[in-house]
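Working notes, structure below.
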4 protein chains.
Amino acid sequence: MIKAGIIGATGYAGGELVRILLGHKDVEIKWYGSRSYIDKKYADVYQNMFQLVEDTCLDDNIEALADQVDVIFTATPQGFLAGLLTEEILSKAKVIDLSADYRIKDVSVYEAWYKLEHKSPQFLPEAVYGLCEQNREAIKKARLVANPGCYPTCSFLSIAPLARAGYIDMKTLIIDAKSGTSGAGRGAKVDNLYCEVNENIKAYGVASHRHTPEIEEQLSYVAGEPVTLNFTPHLVPMNRGILITAYANVREGVTEEMLRGAYEEAYGQERFVRFLAPGVCPQTKWVEGSNFVDVNVVYDGRTGRVIMLGAMDNLVKGAAGQAVQNMNLMFGLPEDMGLTLVPMFP
Amino acid sequence: MIKAGIIGATGYAGGELVRILLGHKDVEIKWYGSRSYIDKKYADVYQNMFQLVEDTCLDDNIEALADQVDVIFTATPQGFLAGLLTEEILSKAKVIDLSADYRIKDVSVYEAWYKLEHKSPQFLPEAVYGLCEQNREAIKKARLVANPGCYPTCSFLSIAPLARAGYIDMKTLIIDAKSGTSGAGRGAKVDNLYCEVNENIKAYGVASHRHTPEIEEQLSYVAGEPVTLNFTPHLVPMNRGILITAYANVREGVTEEMLRGAYEEAYGQERFVRFLAPGVCPQTKWVEGSNFVDVNVVYDGRTGRVIMLGAMDNLVKGAAGQAVQNMNLMFGLPEDMGLTLVPMFP
Amino acid sequence: MIKAGIIGATGYAGGELVRILLGHKDVEIKWYGSRSYIDKKYADVYQNMFQLVEDTCLDDNIEALADQVDVIFTATPQGFLAGLLTEEILSKAKVIDLSADYRIKDVSVYEAWYKLEHKSPQFLPEAVYGLCEQNREAIKKARLVANPGCYPTCSFLSIAPLARAGYIDMKTLIIDAKSGTSGAGRGAKVDNLYCEVNENIKAYGVASHRHTPEIEEQLSYVAGEPVTLNFTPHLVPMNRGILITAYANVREGVTEEMLRGAYEEAYGQERFVRFLAPGVCPQTKWVEGSNFVDVNVVYDGRTGRVIMLGAMDNLVKGAAGQAVQNMNLMFGLPEDMGLTLVPMFP
Amino acid sequence: MIKAGIIGATGYAGGELVRILLGHKDVEIKWYGSRSYIDKKYADVYQNMFQLVEDTCLDDNIEALADQVDVIFTATPQGFLAGLLTEEILSKAKVIDLSADYRIKDVSVYEAWYKLEHKSPQFLPEAVYGLCEQNREAIKKARLVANPGCYPTCSFLSIAPLARAGYIDMKTLIIDAKSGTSGAGRGAKVDNLYCEVNENIKAYGVASHRHTPEIEEQLSYVAGEPVTLNFTPHLVPMNRGILITAYANVREGVTEEMLRGAYEEAYGQERFVRFLAPGVCPQTKWVEGSNFVDVNVVYDGRTGRVIMLGAMDNLVKGAAGQAVQNMNLMFGLPEDMGLTLVPMFP
């Protein structure tokens with residue numbers, strides 16, 4: 001039985017980790033960390049856990065935690081883990097970080113986009129970017145996994161097959177993304193009130209969203225060239241779900257068959273990425289509550305562009321589900337253990 | 001391995017049965033019946049099942065089906081099963097009917113409220129009303145289970161403890177119910193279009209909803225007297241969830257402690273009914289996707305009334321989940337098998 | 001041209017006042033008071049007002065304001081106006097208070113339910129309860145109007161005709177109310193975040209909501225007897241709208257015709273209360289954005305009860321619209337001036 | 001007093017026409033045409049109109065109608081008007097067509113995208129494309145106005161200033177659009193049921209949506225060159241609103257100041273197009289219920305692209321509001337008459 005601790009257990013991603021781990025046969029949660037709710041019963045914060053979780057929220061003493069558990073999940077604000085992580089902690093427990101602290105290899109890029117000084121850049125080289133479908137083998141051996149951002153996960157999986165195959169002109173890549181509101185977290189802000197979000201759609205972080213360099217870095221690895229792109233997220237009136245609509249010019253000589261072939265090759269053996277039939281558009285509702293990413297591609301002969309589409313539950317494959325997938329890999333468990341959640345519809 | 005067949009597999013309740021049974025270790029679905037989608041791939045109707053269900057929809061030949069499976073779920077319109085059921089079918093397979101055909105013992109009451117002639121009243125005596133918490137032992141021996149309606153399930157479980165204890169005046173009972181839209185089914189009707197339901201709330205079926213006699217009958221058994229009550233359902237702009245707010249005068253001499261005691265006694269050992277702490281109001285979101293019913297009671301000393309509250313996912317405990325709970329009982333399996341779904345929040 | 005000032009102009013009710021007054025030919029808003037946004041452009045707080053309002057938010061100096069305007073609207077927290085109101089202010093400007101400070105005549109009742117000391121009870125006798133359909137003549141002469149609460153407005157208008165006629169047993173009266181989320185205000189609270197409200201319904205303030213004594217007081221005037229009732233509000237995932245479902249036993253000898261007659265008499269001449277045709281249930285969407293209240297009544301012969309139904313936009317007739325209706329009466333203008341808003345559907 | 005007739009008065013666009021025209025001082029609706037609801041009271045179809053409209057629905061006899069009214073609005077399926085329009089009708093009444101029949105000058109393009117034979121191409125030359133901000137003078141003299149599509153209106157107004165100024169490379173233009181569900185009409189289809197749309201987002205009509213050639217044609221006029229672009233619409237769980245996010249490469253030498261200048265020049269004098277302050281993203285909620293289009297532009301120096309943003313109420317400026325704006329122009333009335341609706345928030 002793997003003993004797990006969660007720091008940031010009362011945020012939406014933390015709560016989803018609890019939901020998923022409760023259904024994982026080989027894991028026991030030993031520590032529900034929550035700075036905001038210390039000494040409060042966890043099930044009083046999330047009443048869905050009534051009679052399912054009897055524990056009380058603890059503080060975020062990561063050193064004490066490392067002594068008691070095998071794996072630590074940090075679902076915390078940027079900068080938190082970077083400020084606390086030590087070799088000693090890593091020597092005692094594996095760490096899966098749901099924040100951005102170790103996602104970007106170039107510390108100056110991190111600091112420029114996040115407006116934060118990175119307090120422990122020494123761990124950047126060993127941190128593995130936890131996109132399981134891409135870095136599976138490295139994750140298996142990792143002590144420290146940087147769990148990918150929600151937008152980067154869905155963007156990467158939607159685009160990578162064509163980037164890797166060299167079928168698109170990376171200079172023309174544009175990502176238009178749409179997300180449910182849980183991605184904004186559980187903080188009490190006017191902008192996230194029901195009445196402000198409901199019956200509304202807006203773009204935000206235009207040309208400045210922090211997930212941009214993360215997407216660029218990961219795509220540059222598979223494309224084999226530096227990537228600079230436009231990424232525009234939008235806030236959609238729904239709780240869960242991310243939809244990616246990406247555009248790029250197709251290179252000369254690439255046929256529709258080749259395009260579909262690239263996805264089939266990439267995802268034919270993947271449990272969690274479903275390449276849909278021709279003409280079927282991914283919908284976030286079709287993956288809700290599950291670890292699936294549904295992707296598809298449309299070629300537009302009129303313009304010579306492809307439209308790459310991807311849908312995902314931002315709290316599962318975009319956060320907690322992928323974190324558990326990473327944990328499974330790190331501990332030698334079947335990759336889909338605890339993750340066989342069937343999407344809930346409607 | 002239990003072999004199961006579903007007739008009406010492409011309605012919302014049918015789809016939920018598929019979702020739940022896919023996670024049930026001892027069941028295999030052998031027949032996806034759907035009159036509307038014969039020969040179409042099931043996963044083309046419900047794309048969430050892509051790569052999870054490879055089967056094609058079949059017709060609703062219940063006799064052929066009875067030869068092939070151990071249990072038949074009928075998630076069909078009222079009158080369908082009553083028109084087809086035979087002793088031969090029941091001798092071959094157990095039947096769990098999600099329609100109202102065998103819920104009401106008095107055939108004249110059924111015919112009056114449903115405006116239908118009942119074609120097989122001979123099965124009414126043996127049919128067991130499948131409210132597991134109430135009729136557990138009878139269900140274990142049943143061949144034919146009438147799976148309760150969504151409103152009756154939530155109403156009964158919210159009110160029964162006080163009715164049984166004789167703590168409330170049943171003549172004063174009023175049930176004000178609120179339901180998400182999936183309860184209205186997947187039929188294409190203007191009234192259920194997104195733009196008609198969204199940003200709207202209305203009562204419907206006022207003083208005439210068909211679930212009224214079902215609730216009255218079941219409560220009369222535990223109250224030991226005939227019950228006539230007001231039941232008013234409302235349509236709420238959300239997919240899933242039922243909330244019951246019920247009112248009744250408390251009998252003289254009944255204390256708050258006695259009220260809470262009645263619920264504790266009724267549900268202390270129940271896995272799926274959660275009696276909340278004093279002052280906590282049930283919320284449908286806290287049980288979404290799970291088989292739980294959350295109930296609570298508030299005593300109002302000013303008026304001498306209790307307010308009984310209950311929340312439930314109408315597609316799970318109110319339909320497919322309870323059907324699987326019934327199946328588990330009928331086949332001697334652990335009652336919660338395949339039903340340990342953790343509520344999804346947010 | 002009437003000069004108007006608003007204190008609390010950046011709450012939802014305040015914003016709605018601005019929306020309505022911008023369409024009122026005889027009013028000019030001279031003061032946008034907002035403690036939270038002093039010196040900020042009003043249209044930067046509410047971007048819908050871009051190019052429509054050029055003013056900057058001012059503080060809430062009610063004495064300075066009284067010198068400059070003819071009417072002051074206070075859309076402020078309970079206790080605010082009671083703490084500041086003076087004879088001098090009232091001698092200079094008419095005041096329409098959207099808070100509860102002057103709604104309840106018995107100061108001890110106010111203090112018990114609101115847990116506040118009332119700082120200016122001397123104005124209670126002269127304050128007129130601004131339910132226009134009930135107190136029209138008194139409002140015309142008032143200097144200080146207590147604009148009714150949202151739930152009380154809809155409850156009263158739905159029930160008053162039968163209470164006034166003596167057709168129902170007031171001891172059996174139960175009000176089950178449902179409200180959109182704008183009623184909870186624009187404060188940044190976790191409970192009102194999009195993800196907490198969406199796909200959810202719950203009761204709140206059960207047996208303890210502050211609008212209870214207000215409803216009881218107003219109904220007691222028309223019933224001619226003290227009224228004690230149950231009032232249970234629910235939070236519905238929508239922005240606007242209140243629906244009332246009220247229950248009471250009908251007195252012997254009262255026929256359906258008499259029931260409908262009571263409503264026809266009460267509302268036959270009223271512009272803003274629409275008594276619907278038999279069998280039509282009020283829906284909040286049918287009145288959205290308008291000053292209408294739609295009411296209807298259903299008699300249930302099985303139980304001897306009536307179900308009284310009412311739907312209203314909580315921000316219009318339940319707040320800002322009724323405030324403007326009161327203003328029109330106080331200044332001798334046509335009662336519907338600026339209020340001929342057609343409900344917006346869908 | 002202008003006498004108006006509406007054919008297709010019971011669709012969402014037709015209903016919105018009624019809402020707006022009821023508030024127009026110089027118009028009287030004489031004919032509520034609705035093939036589906038002949039002889040039914042209009043207010044029984046749209047209960048929001050109870051006591052506001054006493055008329056009964058009539059058939060769609062356009063010749064009889066032309067004898068009785070000054071202006072005919074057709075909010076009908078594609079092909080309807082083209083199949084009926086005659087010189088005689090046009091000689092008696094002005095016609096504003098909300099369908100696509102006369103929007104596209106090249107009949108072969110219309111027929112290819114709409115899969116319909118055009119039955120009256122002889123009227124295409126005289127039909128004026130009713131985008132008021134672009135074709136104001138021609139509209140004033142028109143007998144037949146083709147009211148623009150919702151997506152084309154918002155797309156054109158968001159992009160035209162830069163296209164006209166030659167500041168962007170039209171070959172790189174990509175439009176990613178998001179629409180509320182009312183755009184899909186009031187037909188009873190499973191895809192538009194509440195439970196299918198709610199908590200979901202999807203792209204549809206990828207590389208094949210019929211508004212594509214309409215946008216291309218109109219932009220080609222202002223760009224002075226043929227335009228071929230990608231247009232991808234998405235269905236958003238909300239009733240009203242369209243948001244456009246468009247991308248294009250900026251031509252060398254174009255500065256941010258020049259970009260903003262182009263919008264200021266285009267819209268500085270326009271009542272209904274609001275060019276927002278730098279950094280403010282348009283939101284559909286800020287324009288709901290009004291005839292405004294909010295636009296803005298962001299320059300991304302990293303990629304050399306502009307992101308052009310526009311938000312609009314699809315039923316107002318995207319349909320009925322623009323139709324009334326056209327009518328005002330055609331009849332010499334102030335352009336904003338009946339259209340001074342303040343956006344409703346929240």
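Please note that chains go A, B, ... in the order of the structure tokens, that every chain numbers its residues from 1, and that ligands are numbered from 1 in the order shown.
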Show me a table, sorted first by chain and then by increasing residue number, of the residues of chain B having an atom at most 6 Å from chain D, each with its shortest atom pair and the distance in Å to one decimal, counting only C-alpha atoms and written as a Markdown table.
| residue | atom | partner | partner_atom | distance |
| --- | --- | --- | --- | --- |
| B:Ala188 | CA | D:Val190 | CA | 5.0 |
| B:Lys189 | CA | D:Ala188 | CA | 5.1 |
| B:Val190 | CA | D:Ala188 | CA | 5.0 |
| B:Asn192 | CA | D:Leu193 | CA | 5.7 |
| B:Leu193 | CA | D:Leu193 | CA | 4.1 |
| B:Tyr194 | CA | D:Tyr194 | CA | 3.6 |
| B:Cys195 | CA | D:Asn239 | CA | 5.4 |
| B:Asn239 | CA | D:Cys195 | CA | 5.4 |
Once you have the residues from the selection above, write them out as an mmCIF file, in the first residue's frame, restricted to N, CA and C atoms.
data_model
loop_
_atom_site.group_PDB
_atom_site.id
_atom_site.type_symbol
_atom_site.label_atom_id
_atom_site.label_comp_id
_atom_site.auth_asym_id
_atom_site.auth_seq_id
_atom_site.Cartn_x
_atom_site.Cartn_y
_atom_site.Cartn_z
ATOM 1 N N ALA B 188 -36.624 14.636 -28.085
ATOM 2 C CA ALA B 188 -36.435 15.968 -28.655
ATOM 3 C C ALA B 188 -37.725 16.774 -28.531
ATOM 4 N N LYS B 189 -37.821 17.567 -27.458
ATOM 5 C CA LYS B 189 -39.003 18.400 -27.247
ATOM 6 C C LYS B 189 -38.580 19.848 -27.022
ATOM 7 N N VAL B 190 -39.374 20.761 -27.549
ATOM 8 C CA VAL B 190 -39.042 22.181 -27.391
ATOM 9 C C VAL B 190 -38.867 22.543 -25.909
ATOM 10 N N ASN B 192 -37.613 21.048 -23.542
ATOM 11 C CA ASN B 192 -36.353 20.629 -22.940
ATOM 12 C C ASN B 192 -35.129 21.150 -23.679
ATOM 13 N N LEU B 193 -35.330 22.050 -24.622
ATOM 14 C CA LEU B 193 -34.196 22.666 -25.318
ATOM 15 C C LEU B 193 -33.370 23.481 -24.326
ATOM 16 N N TYR B 194 -32.107 23.591 -24.633
ATOM 17 C CA TYR B 194 -31.218 24.343 -23.741
ATOM 18 C C TYR B 194 -31.770 25.728 -23.430
ATOM 19 N N CYS B 195 -32.161 26.457 -24.469
ATOM 20 C CA CYS B 195 -32.566 27.852 -24.263
ATOM 21 C C CYS B 195 -33.872 27.989 -23.478
ATOM 22 N N ASN B 239 -28.092 19.410 -15.085
ATOM 23 C CA ASN B 239 -28.282 18.102 -15.712
ATOM 24 C C ASN B 239 -28.835 17.074 -14.736
#
Practice task
Find the residues around Val128 (chain B) up to 12 Å (only C-alpha atoms counted), leave out those fewer than 6 positions away in its own chain, and share them as a ChimeraX atom specification.
Solution key: /B:94-97,101-105,134-148,218,326,330
Suppose we keep C-alpha atoms; can you now write the selection as a JSON list (two decimals), in the first residue's frame?
[["chain", "number", "residue", "atom", "x", "y", "z"],
["B", 94, "LYS", "CA", -34.61, -11.80, -13.64],
["B", 95, "VAL", "CA", -36.19, -8.53, -14.65],
["B", 96, "ILE", "CA", -35.54, -5.09, -13.21],
["B", 97, "ASP", "CA", -37.98, -2.59, -14.64],
["B", 101, "ASP", "CA", -45.40, -0.58, -14.75],
["B", 102, "TYR", "CA", -45.13, -2.66, -11.59],
["B", 103, "ARG", "CA", -44.60, -0.02, -8.94],
["B", 104, "ILE", "CA", -48.21, 0.55, -7.98],
["B", 105, "LYS", "CA", -50.08, -2.40, -6.53],
["B", 134, "GLN", "CA", -36.93, -0.65, 2.70],
["B", 135, "ASN", "CA", -37.47, -4.00, 0.99],
["B", 136, "ARG", "CA", -34.04, -5.59, 1.08],
["B", 137, "GLU", "CA", -35.09, -9.11, 2.03],
["B", 138, "ALA", "CA", -37.94, -9.33, -0.44],
["B", 139, "ILE", "CA", -35.70, -8.06, -3.23],
["B", 140, "LYS", "CA", -33.19, -10.83, -2.59],
["B", 141, "LYS", "CA", -35.84, -13.39, -3.51],
["B", 142, "ALA", "CA", -37.52, -11.48, -6.32],
["B", 143, "ARG", "CA", -37.72, -12.40, -10.00],
["B", 144, "LEU", "CA", -39.33, -9.09, -10.92],
["B", 145, "VAL", "CA", -38.30, -5.81, -9.34],
["B", 146, "ALA", "CA", -40.07, -2.53, -9.93],
["B", 147, "ASN", "CA", -37.27, -0.02, -9.69],
["B", 148, "PRO", "CA", -38.66, 3.06, -7.91],
["B", 218, "GLN", "CA", -44.96, 3.64, -0.13],
["B", 326, "ASN", "CA", -31.25, -4.28, -6.70],
["B", 330, "MET", "CA", -31.04, -10.40, -6.33]]
Problem - Residue contacts of Tyr42 (chain B) (9 Å, only C-alpha atoms) excluding same-chain residues fewer than 3 positions away, as a PyMOL selection string - result: chain B and resi 9-10+32+37+39+45-47+49-50+53-57
Exercise for the section: Pick out the closest residue to Arg274 (chain A) from this set: A:Met170, A:Tyr151, A:Leu157, A:Ala246. Count only C-alpha atoms. Expected result: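 Going through A:Met170, A:Tyr151, A:Leu157, A:Ala246 one by one, the smallest distance to Arg274 (chain A) is for A:Leu157.
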Exercise for the section: as an NGL selection string, list the residues of region 116-303 of chain A assigned to helix (DSSP H, G or I) by DSSP on the backbone atoms of this structure. Expected result: :A and (121-123 or 132-140 or 150-165 or 170-172 or 181-184 or 190-192 or 194-197 or 211-223 or 256-267 or 284-287)
Exercise for the section: Show which residues sit within 12 Å of Arg19 (chain C), as a VMD selection string. Count only C-alpha atoms, and ignore same-chain residues fewer than 2 positions away. Expected result: (chain C and resid 9 to 10 12 to 17 21 to 24 27 to 29 43 46 48 to 50 52 to 53 289 to 290 315 to 316 320 to 321 324 338 to 339 341) or (chain D and resid 289 to 290 340 to 346)
